[in-house]
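Notes follow the structure.
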Amino acid sequence: MAVETHAAARRSNARWFPILALVFCATLINYLDRTVFNIARPLFVKDLGMSAIIAGTLGSAFGWSYALIQIPSGALLDRFGTRLTYFVSLVSWSLVTMFQGLVSAVAPFLGLRVALGVCEAPCFPANSRVLNSWFPQDERARANSIYAIGMSAGLAFFSVPLFWIAQQYTWRGLFIVAGAIGVVFGVIWYIGYREPSESKLANQAERDYIAAGGGFANTRLPQTPLSWSNMLKVARLKPILIISIAQFAGNTVLNFFLLDFVNYLATQRHMPWIKAGIFLSFPYLAAAAGGLVGGYAADAILRRGGSVNLARKLPVTVGLILASTLILANFVPEGRDTVMIAIMSLAFFGQGMTNLGWTVLADLAPKQMIGLAGGFFNMITNFAGILTPFILGVILQFTGSYFYSLIYVGVLPLIGAALYIFALGDIKRLEVEAEPLVPRV
């Protein structure tokens with residue numbers, strides 16, 4: 001025991017810093033560049049004379065390209081590795097964000113929304129690959145919950161400054177500032193990120209610790225070619241299909257908060273601009289708390305001898321059920337803003353817990369197809385980014401209300417919870433024989 005304690009004391013912690021810190025910042029910037037659309041929407045809709053359906057189409061255009069390019073981006077990630085793929089993705093999506101601030105018509109705006117989806121596609125499959133490379137199984141849920149804070153708490157703290165930028169420098173300045181931040185960080189990522197086997201900050205004791213817990217720290221993940229054969233092999237894995245559909249249900253709630261919530265506050269609840277920015281921060285803080293609670297609970301179950309099935313399924317299922325509670329906001333009268341925000345915060349708390357679906361994927365994905373499996377998972381998941389803004393835009397256009405929109409958004413997570421409870425079997429790494437990479441002659 002004394003030897004183990006001494007060895008643990010010498011172990012480096014590069015997986016937490018700088019690696020997880022880099023992933024946290026990249027994820028924050030990823031969602032920052034998505035959320036500026038939500039914040040700017042009431043302004044550019046008025047400025048460019050858009051209808052609700054056109055605005056919804058712009059929102060869903062990102063979802064189309066983001067979802068459809070997931071499998072190729074995941075395969076490219078398996079082929080070229082995390083460091084380079086993430087760098088190219090980060091810089092390109094940030095430049096596209098900046099260009100959105102320069103458009104004056106719907107057509108180029110639509111094209112840039114499509115381009116943004118293409119460029120952002122590798123982000124979350126890359127995050128999943130980092131979890132597998134750098135973290136043992138009983139730390140992955142915590143690591144996932146910490147970087148997921150970048151999706152929510154970061155935006156909660158930045159929401160008021162972002163609203164202020166939009167008010168002072170128009171919606172165009174908001175897009176340009178957000179994009180410039182990402183370009184700078186892309187360079188920081190490329191300088192700072194390395195795989196465990198290449199890192200000078202991680203010592204052998206840390207690599208051995210990660211490997212003993214099921215991570216791939218002592219060997220490089222294999223390079224796998226982009227091929228239809230490998231894509232079909234992943235698509236036929238039933239457990240990954242099940243968790244993908246369940247995550248789609250949870251992401252429907254996420255996309256409501258990312259793309260429609262500010263518009264809901266402004267048009268349905270008639271909130272003043274800055275007040276909406278302040279109230280926006282509370283659900284995002286709740287989502288961050290939900291992710292942390294779910295992540296720490298999942299790893300605590302494992303450390304205390306609980307099964308992987310319980311540790312992974314319980315937090316995600318509870319989160320999906322809580323996410324459905326946003327339907328209750330329909331029955332809160334206008335003017336009761338505090339009650340409405342409390343309900344929305346509880347729902348987004350639950351949605352934050354569902355981010356652990358990525359940890360479930362990390363436990364299931366075949367070793368040689370982690371990027372491809374992440375791409376498939378994120379493709380199915382992000383059909384929510386296509387359907388949610390479009391369906392909500394149509395409902396808003398024809399009813400002038402978010403009443404039925406909240407019912408649609410709230411029912412889907414209950415379907416996802418049922419899939420976790422009744423359809424998903426044991427959670428263990430799947431074995432698939434990938435088509436080998438043919439070396440160049």
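Labeling convention for the structure tokens: chains A, B, ... as they appear, residues from 1 per chain, ligands from 1 in order of appearance.
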
Discussion item. I'd like the contact shell of segment 247-256 of chain A - 10 Å cut-off, only C-alpha atoms, skipping same-chain residues fewer than 6 positions apart - returned as an MDAnalysis selection string.
Written reply: chainID A and resid 34:35 38 59:60 63 151 241 262:264 287 316 319:321 323:324 326 347:348 350:358 377:389 392 405:406 408:417

Discussion item. What parts of segment 143-241 of chain A does DSSP call alpha helix (DSSP H)? I'd like the answer as a ChimeraX atom specification.
Written reply: /A:143-192,204-212,228-235,238-241

Practice prompt. Mind checking which residues fall within 8 Å of Ala202 of chain A, counting only C-alpha atoms, ignoring those fewer than 4 positions away in the same chain, and posting them as a PyMOL selection string?
Written response: chain A and resi 12-15+196+206-207

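Atom CA of Arg194 of chain A is found 24.6 Å from atom CA of Gly295 of chain A.
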